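final_20.pdb, holding PDB, C-alpha atoms:
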```pdb
ATOM      1  CA  ARG A 310       0.000   0.000   0.000  1.00  0.00           C
ATOM      2  CA  ASP A 311       1.194   3.506  -0.925  1.00  0.00           C
ATOM      3  CA  VAL A 312       4.524   2.389  -2.404  1.00  0.00           C
ATOM      4  CA  PHE A 313       6.479   4.801  -4.617  1.00  0.00           C
ATOM      5  CA  ILE A 314       8.416   3.143  -7.436  1.00  0.00           C
ATOM      6  CA  GLY A 315      10.711   5.486  -9.378  1.00  0.00           C
ATOM      7  CA  PRO A 316      11.818   5.186 -12.999  1.00  0.00           C
ATOM      8  CA  HIS A 317      13.833   2.134 -14.056  1.00  0.00           C
ATOM      9  CA  VAL A 318      13.332   0.285 -10.766  1.00  0.00           C
ATOM     10  CA  VAL A 319      13.587  -3.511 -11.020  1.00  0.00           C
ATOM     11  CA  ILE A 320      11.792  -5.745  -8.528  1.00  0.00           C
ATOM     12  CA  GLU A 321      12.596  -9.417  -9.089  1.00  0.00           C
ATOM     13  CA  ALA A 322      10.384 -12.441  -8.421  1.00  0.00           C
ATOM     14  CA  ASN A 323       9.095 -13.115  -4.917  1.00  0.00           C
ATOM     15  CA  ALA A 324      10.415  -9.853  -3.471  1.00  0.00           C
ATOM     16  CA  VAL A 325       8.177  -8.346  -0.800  1.00  0.00           C
ATOM     17  CA  ILE A 326       7.765  -4.582  -0.540  1.00  0.00           C
ATOM     18  CA  GLY A 327       6.160  -3.223   2.648  1.00  0.00           C
ATOM     19  CA  ASP A 328       3.658  -0.386   2.968  1.00  0.00           C
ATOM     20  CA  ASP A 329       4.802   3.216   2.407  1.00  0.00           C
ATOM     21  CA  VAL A 330       8.168   2.163   0.921  1.00  0.00           C
ATOM     22  CA  ILE A 331       9.984   4.539  -1.440  1.00  0.00           C
ATOM     23  CA  LEU A 332      12.125   2.938  -4.166  1.00  0.00           C
ATOM     24  CA  GLN A 333      13.900   5.694  -6.083  1.00  0.00           C
ATOM     25  CA  ALA A 334      15.251   5.598  -9.646  1.00  0.00           C
ATOM     26  CA  ASN A 335      17.487   2.806 -10.960  1.00  0.00           C
ATOM     27  CA  THR A 336      17.199   0.661  -7.867  1.00  0.00           C
ATOM     28  CA  CYS A 337      17.212  -3.142  -8.136  1.00  0.00           C
ATOM     29  CA  ILE A 338      15.548  -5.373  -5.546  1.00  0.00           C
ATOM     30  CA  GLY A 339      16.699  -8.997  -5.886  1.00  0.00           C
ATOM     31  CA  ALA A 340      14.577 -12.115  -5.864  1.00  0.00           C
ATOM     32  CA  GLY A 341      13.183 -13.098  -2.494  1.00  0.00           C
ATOM     33  CA  SER A 342      14.312  -9.906  -0.767  1.00  0.00           C
ATOM     34  CA  ILE A 343      12.100  -8.134   1.754  1.00  0.00           C
ATOM     35  CA  ILE A 344      11.865  -4.353   2.219  1.00  0.00           C
ATOM     36  CA  GLY A 345      10.105  -3.359   5.456  1.00  0.00           C
ATOM     37  CA  ALA A 346       7.406  -0.701   5.777  1.00  0.00           C
ATOM     38  CA  GLN A 347       8.328   2.992   5.592  1.00  0.00           C
ATOM     39  CA  THR A 348      11.831   2.314   4.282  1.00  0.00           C
ATOM     40  CA  ASN A 349      13.349   4.839   1.872  1.00  0.00           C
ATOM     41  CA  VAL A 350      15.732   3.458  -0.755  1.00  0.00           C
ATOM     42  CA  ALA A 351      17.641   6.194  -2.642  1.00  0.00           C
ATOM     43  CA  PRO A 352      18.610   6.064  -6.339  1.00  0.00           C
ATOM     44  CA  ASN A 353      21.047   3.499  -7.725  1.00  0.00           C
ATOM     45  CA  VAL A 354      20.864   1.021  -4.852  1.00  0.00           C
ATOM     46  CA  THR A 355      21.434  -2.701  -5.488  1.00  0.00           C
ATOM     47  CA  VAL A 356      19.780  -5.199  -3.157  1.00  0.00           C
ATOM     48  CA  TYR A 357      20.894  -8.717  -4.076  1.00  0.00           C
ATOM     49  CA  PRO A 358      18.592 -11.734  -3.611  1.00  0.00           C
ATOM     50  CA  GLN A 359      17.741 -12.911  -0.094  1.00  0.00           C
ATOM     51  CA  VAL A 360      18.318  -9.595   1.672  1.00  0.00           C
ATOM     52  CA  THR A 361      15.931  -8.525   4.430  1.00  0.00           C
ATOM     53  CA  ILE A 362      15.671  -4.830   5.293  1.00  0.00           C
ATOM     54  CA  GLY A 363      13.626  -3.867   8.340  1.00  0.00           C
ATOM     55  CA  GLN A 364      11.126  -1.077   8.845  1.00  0.00           C
ATOM     56  CA  ARG A 365      11.853   2.666   8.750  1.00  0.00           C
ATOM     57  CA  CYS A 366      15.335   2.248   7.257  1.00  0.00           C
ATOM     58  CA  THR A 367      17.164   4.761   5.075  1.00  0.00           C
ATOM     59  CA  ILE A 368      19.400   3.341   2.355  1.00  0.00           C
ATOM     60  CA  HIS A 369      21.411   6.080   0.592  1.00  0.00           C
ATOM     61  CA  SER A 370      22.570   6.166  -3.033  1.00  0.00           C
ATOM     62  CA  SER A 371      24.923   3.572  -4.492  1.00  0.00           C
ATOM     63  CA  VAL A 372      24.642   1.154  -1.565  1.00  0.00           C
ATOM     64  CA  VAL A 373      25.165  -2.529  -2.422  1.00  0.00           C
ATOM     65  CA  LEU A 374      23.594  -5.065  -0.062  1.00  0.00           C
ATOM     66  CA  GLY A 375      24.302  -8.782  -0.364  1.00  0.00           C
ATOM     67  CA  GLY A 376      27.109  -8.890  -2.907  1.00  0.00           C
ATOM     68  CA  ALA A 377      29.488 -11.848  -2.649  1.00  0.00           C
ATOM     69  CA  GLY A 378      32.090 -11.676   0.076  1.00  0.00           C
ATOM     70  CA  PHE A 379      35.801 -11.699  -0.743  1.00  0.00           C
ATOM     71  CA  GLY A 380      36.357 -15.428  -0.317  1.00  0.00           C
ATOM     72  CA  TYR A 381      39.046 -17.407  -2.122  1.00  0.00           C
ATOM     73  CA  THR A 382      41.018 -20.581  -1.488  1.00  0.00           C
ATOM     74  CA  PRO A 383      43.993 -22.031  -3.361  1.00  0.00           C
ATOM     75  CA  ASP A 384      43.568 -25.198  -5.442  1.00  0.00           C
ATOM     76  CA  GLU A 385      46.224 -27.912  -5.724  1.00  0.00           C
ATOM     77  CA  GLN A 386      48.264 -25.757  -8.143  1.00  0.00           C
ATOM     78  CA  GLY A 387      48.020 -22.669  -5.916  1.00  0.00           C
ATOM     79  CA  HIS A 388      45.513 -20.882  -8.156  1.00  0.00           C
ATOM     80  CA  MET A 389      42.824 -18.962  -6.290  1.00  0.00           C
ATOM     81  CA  GLU A 390      39.296 -20.310  -6.599  1.00  0.00           C
ATOM     82  CA  THR A 391      36.149 -18.550  -5.467  1.00  0.00           C
ATOM     83  CA  ILE A 392      34.427 -19.816  -2.330  1.00  0.00           C
ATOM     84  CA  THR A 393      30.701 -19.694  -3.059  1.00  0.00           C
ATOM     85  CA  GLN A 394      28.851 -17.362  -0.701  1.00  0.00           C
ATOM     86  CA  ILE A 395      25.355 -18.693   0.060  1.00  0.00           C
ATOM     87  CA  GLY A 396      24.242 -16.646   3.081  1.00  0.00           C
ATOM     88  CA  GLY A 397      22.076 -13.549   3.018  1.00  0.00           C
ATOM     89  CA  VAL A 398      21.960 -10.176   4.731  1.00  0.00           C
ATOM     90  CA  GLN A 399      19.617  -9.137   7.541  1.00  0.00           C
ATOM     91  CA  ILE A 400      19.173  -5.434   8.259  1.00  0.00           C
ATOM     92  CA  GLY A 401      17.171  -4.551  11.385  1.00  0.00           C
ATOM     93  CA  ASN A 402      14.653  -1.748  11.934  1.00  0.00           C
ATOM     94  CA  ASP A 403      15.559   1.968  11.998  1.00  0.00           C
ATOM     95  CA  VAL A 404      18.940   1.437  10.311  1.00  0.00           C
ATOM     96  CA  SER A 405      20.610   4.113   8.174  1.00  0.00           C
ATOM     97  CA  ILE A 406      23.195   3.088   5.568  1.00  0.00           C
ATOM     98  CA  GLY A 407      25.335   5.822   3.972  1.00  0.00           C
ATOM     99  CA  ALA A 408      26.137   6.366   0.314  1.00  0.00           C
ATOM    100  CA  GLY A 409      28.567   3.988  -1.372  1.00  0.00           C
ATOM    101  CA  THR A 410      28.505   1.472   1.479  1.00  0.00           C
ATOM    102  CA  THR A 411      28.703  -2.261   0.758  1.00  0.00           C
ATOM    103  CA  ILE A 412      27.526  -5.070   3.016  1.00  0.00           C
ATOM    104  CA  ASP A 413      28.507  -8.540   1.773  1.00  0.00           C
ATOM    105  CA  CYS A 414      26.282 -11.591   2.080  1.00  0.00           C
ATOM    106  CA  GLY A 415      27.357 -14.299   4.468  1.00  0.00           C
ATOM    107  CA  ALA A 416      29.485 -17.205   3.318  1.00  0.00           C
ATOM    108  CA  ILE A 417      27.126 -19.679   4.989  1.00  0.00           C
ATOM    109  CA  ASP A 418      25.167 -17.796   7.656  1.00  0.00           C
ATOM    110  CA  ASP A 419      23.760 -14.298   7.174  1.00  0.00           C
ATOM    111  CA  THR A 420      25.567 -11.019   7.703  1.00  0.00           C
ATOM    112  CA  ILE A 421      23.561  -9.200  10.386  1.00  0.00           C
ATOM    113  CA  ILE A 422      23.068  -5.502  11.100  1.00  0.00           C
ATOM    114  CA  GLU A 423      20.872  -5.139  14.187  1.00  0.00           C
ATOM    115  CA  ASP A 424      18.228  -2.489  14.991  1.00  0.00           C
ATOM    116  CA  GLY A 425      19.156   1.188  15.169  1.00  0.00           C
ATOM    117  CA  VAL A 426      22.627   0.906  13.618  1.00  0.00           C
ATOM    118  CA  LYS A 427      23.823   4.036  11.774  1.00  0.00           C
ATOM    119  CA  ILE A 428      26.437   3.537   9.055  1.00  0.00           C
ATOM    120  CA  ASP A 429      28.180   6.471   7.352  1.00  0.00           C
ATOM    121  CA  ASN A 430      29.331   6.722   3.725  1.00  0.00           C
ATOM    122  CA  LEU A 431      31.908   4.430   2.086  1.00  0.00           C
ATOM    123  CA  VAL A 432      31.898   1.640   4.665  1.00  0.00           C
ATOM    124  CA  GLN A 433      32.757  -1.997   3.788  1.00  0.00           C
ATOM    125  CA  ILE A 434      31.226  -4.750   5.927  1.00  0.00           C
ATOM    126  CA  GLY A 435      32.550  -8.193   5.008  1.00  0.00           C
ATOM    127  CA  HIS A 436      30.780 -11.543   4.892  1.00  0.00           C
ATOM    128  CA  ASN A 437      29.365 -13.031   8.106  1.00  0.00           C
ATOM    129  CA  CYS A 438      29.876  -9.852  10.126  1.00  0.00           C
ATOM    130  CA  LYS A 439      27.501  -8.945  12.930  1.00  0.00           C
ATOM    131  CA  VAL A 440      26.971  -5.351  14.071  1.00  0.00           C
ATOM    132  CA  GLY A 441      25.147  -4.964  17.397  1.00  0.00           C
ATOM    133  CA  ALA A 442      22.149  -2.720  17.953  1.00  0.00           C
ATOM    134  CA  HIS A 443      22.541   1.070  18.080  1.00  0.00           C
ATOM    135  CA  SER A 444      26.196   1.088  17.070  1.00  0.00           C
ATOM    136  CA  LEU A 445      27.668   3.880  14.931  1.00  0.00           C
ATOM    137  CA  ILE A 446      30.092   3.186  12.088  1.00  0.00           C
ATOM    138  CA  CYS A 447      31.748   6.318  10.697  1.00  0.00           C
ATOM    139  CA  GLY A 448      32.990   6.882   7.132  1.00  0.00           C
ATOM    140  CA  CYS A 449      35.608   4.708   5.448  1.00  0.00           C
ATOM    141  CA  VAL A 450      35.521   1.936   8.071  1.00  0.00           C
ATOM    142  CA  GLY A 451      36.274  -1.602   6.902  1.00  0.00           C
ATOM    143  CA  LEU A 452      35.228  -4.772   8.717  1.00  0.00           C
ATOM    144  CA  ALA A 453      36.945  -8.005   7.680  1.00  0.00           C
ATOM    145  CA  GLY A 454      34.743 -11.055   7.287  1.00  0.00           C
ATOM    146  CA  SER A 455      33.278 -12.620  10.458  1.00  0.00           C
ATOM    147  CA  THR A 456      33.986  -9.548  12.605  1.00  0.00           C
ATOM    148  CA  GLU A 457      31.501  -9.047  15.437  1.00  0.00           C
ATOM    149  CA  ILE A 458      30.800  -5.590  16.836  1.00  0.00           C
ATOM    150  CA  GLY A 459      28.869  -5.267  20.110  1.00  0.00           C
ATOM    151  CA  ARG A 460      25.902  -3.045  20.910  1.00  0.00           C
ATOM    152  CA  HIS A 461      26.267   0.733  21.354  1.00  0.00           C
ATOM    153  CA  CYS A 462      29.795   0.783  19.889  1.00  0.00           C
ATOM    154  CA  VAL A 463      31.364   3.612  17.875  1.00  0.00           C
ATOM    155  CA  LEU A 464      33.907   2.897  15.132  1.00  0.00           C
ATOM    156  CA  ALA A 465      35.700   6.131  14.222  1.00  0.00           C
ATOM    157  CA  GLY A 466      36.250   7.178  10.627  1.00  0.00           C
ATOM    158  CA  GLY A 467      38.860   5.278   8.655  1.00  0.00           C
ATOM    159  CA  CYS A 468      39.446   2.476  11.145  1.00  0.00           C
ATOM    160  CA  GLY A 469      39.691  -1.130  10.087  1.00  0.00           C
ATOM    161  CA  VAL A 470      38.827  -4.228  12.093  1.00  0.00           C
ATOM    162  CA  GLY A 471      40.284  -7.602  11.199  1.00  0.00           C
ATOM    163  CA  GLY A 472      43.009 -10.069  11.958  1.00  0.00           C
ATOM    164  CA  LYS A 473      44.144 -13.648  11.587  1.00  0.00           C
ATOM    165  CA  ASN A 474      41.073 -14.874  13.473  1.00  0.00           C
ATOM    166  CA  PRO A 475      37.659 -13.230  13.596  1.00  0.00           C
ATOM    167  CA  VAL A 476      37.675 -10.190  15.884  1.00  0.00           C
ATOM    168  CA  LYS A 477      34.925  -9.719  18.481  1.00  0.00           C
ATOM    169  CA  ILE A 478      34.413  -6.318  20.108  1.00  0.00           C
ATOM    170  CA  CYS A 479      32.231  -6.220  23.232  1.00  0.00           C
ATOM    171  CA  ASP A 480      29.419  -3.726  23.942  1.00  0.00           C
ATOM    172  CA  GLN A 481      29.960   0.031  24.415  1.00  0.00           C
ATOM    173  CA  VAL A 482      33.466   0.185  22.936  1.00  0.00           C
ATOM    174  CA  ILE A 483      34.650   3.319  21.125  1.00  0.00           C
TER     175      ILE A 483
END
```
Would you encode the structure as structure tokens?
Amino acid sequence: RDVFIGPHVVIEANAVIGDDVILQANTCIGAGSIIGAQTNVAPNVTVYPQVTIGQRCTIHSSVVLGGAGFGYTPDEQGHMETITQIGGVQIGNDVSIGAGTTIDCGAIDDTIIEDGVKIDNLVQIGHNCKVGAHSLICGCVGLAGSTEIGRHCVLAGGCGVGGKNPVKICDQVI
């Protein structure tokens, strides 16, 4: 009900669009994805298949949600082969995602952004990451795959989180 669909928007099979959603020009919503009520999706956004976006979210221009994570493994000759990424992305309610941000799908399980998270422009969130509720991620932050960020955390602009093993940051860390 009361959905706005701008010019050149593509909505693939079995996608669900909630009430009062705005889908601006040149946006693509992948098969089986869900866009919650009162969410505003700016122009030129790509939502891959099997992405769930909660209610009252703001997705700014040129965001990519659910693209394949950066996963490779060497074969017997040492050549890099792609590791298929089969997970999805879950975005909670009242989330804001800044322009040019990318959130990769999970390798097996979903990448999860919990309720109330605010993400600035040009942020990269790798496969299988989890960002706890009401955390702030400032511009140009990069999270390596499987990183877990607690609730009410602040990641300052330009920082990167990653290491040999998945990094877990507890609640209320700046």
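Using all atoms listed in the file, the nearest neighbour of Ser455 of chain A within the list A:Asp311, A:Asp403, A:Asp413, A:Asp329 is A:Asp413.
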Extract, using all atoms listed in the file, all DNA, RNA and protein residues at most 10 Å from Gly397 of chain A, discarding same-chain residues fewer than 5 positions from it, and format them as a compact mmCIF listing (two decimals) with C-alpha atoms, in the coordinates of the input.
```txt
# COMPACT_ATOMS: atom_id res chain seq x y z
CA SER A 342 14.31 -9.91 -0.77
CA TYR A 357 20.89 -8.72 -4.08
CA PRO A 358 18.59 -11.73 -3.61
CA GLN A 359 17.74 -12.91 -0.09
CA VAL A 360 18.32 -9.60 1.67
CA THR A 361 15.93 -8.52 4.43
CA LEU A 374 23.59 -5.07 -0.06
CA GLY A 375 24.30 -8.78 -0.36
CA GLY A 376 27.11 -8.89 -2.91
CA ALA A 377 29.49 -11.85 -2.65
CA ASP A 413 28.51 -8.54 1.77
CA CYS A 414 26.28 -11.59 2.08
CA GLY A 415 27.36 -14.30 4.47
CA ALA A 416 29.48 -17.20 3.32
CA ILE A 417 27.13 -19.68 4.99
CA ASP A 418 25.17 -17.80 7.66
CA ASP A 419 23.76 -14.30 7.17
CA THR A 420 25.57 -11.02 7.70
CA ILE A 421 23.56 -9.20 10.39
CA HIS A 436 30.78 -11.54 4.89
CA ASN A 437 29.36 -13.03 8.11
```
Could you list, as a list of chain:residue names, every residue within 7 Å of Asp424 of chain A, counting all atoms listed in the file and ignoring same-chain residues fewer than 3 positions away? A:Gly401, A:Asn402, A:Asp403, A:Val404, A:Ala442, A:His443
With the file shown as input, list the residues that the PyMOL selection byres ((chain A and resi 354) around 8) selects, as a VMD selection string. chain A and resid 335 to 337 350 to 353 355 to 356 368 to 373
When you count all atoms listed in the file, which of these residues is closest to Ile344 of chain A: A:Cys438, A:Ala324, A:Cys479, A:Val463? A:Ala324
Pick from A:Val432, A:Cys447, A:Ile326, A:Leu332 nearest to Ala465 of chain A, counting all atoms listed in the file: A:Cys447
note - atom CA of Gly396 of chain A and atom CA of Pro475 of chain A are separated by 17.4 Å
Would you kindly identify which residues have an atom no farther than 12 Å from (30.4, -1.8, 20.8), using all atoms listed in the file and the file's own coordinates, and write them out as a ChimeraX atom specification? /A:426,439-446,456-465,477-483
Generate a file of the selected residues that holds C-alpha atoms, formatted as a PDB file, in the coordinates of the input.
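Writing the result to again08.pdb gives the following:
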```pdb
ATOM      1  CA  VAL A 426      22.627   0.906  13.618  1.00  0.00           C
ATOM      2  CA  LYS A 439      27.501  -8.945  12.930  1.00  0.00           C
ATOM      3  CA  VAL A 440      26.971  -5.351  14.071  1.00  0.00           C
ATOM      4  CA  GLY A 441      25.147  -4.964  17.397  1.00  0.00           C
ATOM      5  CA  ALA A 442      22.149  -2.720  17.953  1.00  0.00           C
ATOM      6  CA  HIS A 443      22.541   1.070  18.080  1.00  0.00           C
ATOM      7  CA  SER A 444      26.196   1.088  17.070  1.00  0.00           C
ATOM      8  CA  LEU A 445      27.668   3.880  14.931  1.00  0.00           C
ATOM      9  CA  ILE A 446      30.092   3.186  12.088  1.00  0.00           C
ATOM     10  CA  THR A 456      33.986  -9.548  12.605  1.00  0.00           C
ATOM     11  CA  GLU A 457      31.501  -9.047  15.437  1.00  0.00           C
ATOM     12  CA  ILE A 458      30.800  -5.590  16.836  1.00  0.00           C
ATOM     13  CA  GLY A 459      28.869  -5.267  20.110  1.00  0.00           C
ATOM     14  CA  ARG A 460      25.902  -3.045  20.910  1.00  0.00           C
ATOM     15  CA  HIS A 461      26.267   0.733  21.354  1.00  0.00           C
ATOM     16  CA  CYS A 462      29.795   0.783  19.889  1.00  0.00           C
ATOM     17  CA  VAL A 463      31.364   3.612  17.875  1.00  0.00           C
ATOM     18  CA  LEU A 464      33.907   2.897  15.132  1.00  0.00           C
ATOM     19  CA  ALA A 465      35.700   6.131  14.222  1.00  0.00           C
ATOM     20  CA  LYS A 477      34.925  -9.719  18.481  1.00  0.00           C
ATOM     21  CA  ILE A 478      34.413  -6.318  20.108  1.00  0.00           C
ATOM     22  CA  CYS A 479      32.231  -6.220  23.232  1.00  0.00           C
ATOM     23  CA  ASP A 480      29.419  -3.726  23.942  1.00  0.00           C
ATOM     24  CA  GLN A 481      29.960   0.031  24.415  1.00  0.00           C
ATOM     25  CA  VAL A 482      33.466   0.185  22.936  1.00  0.00           C
ATOM     26  CA  ILE A 483      34.650   3.319  21.125  1.00  0.00           C
TER      27      ILE A 483
END
```
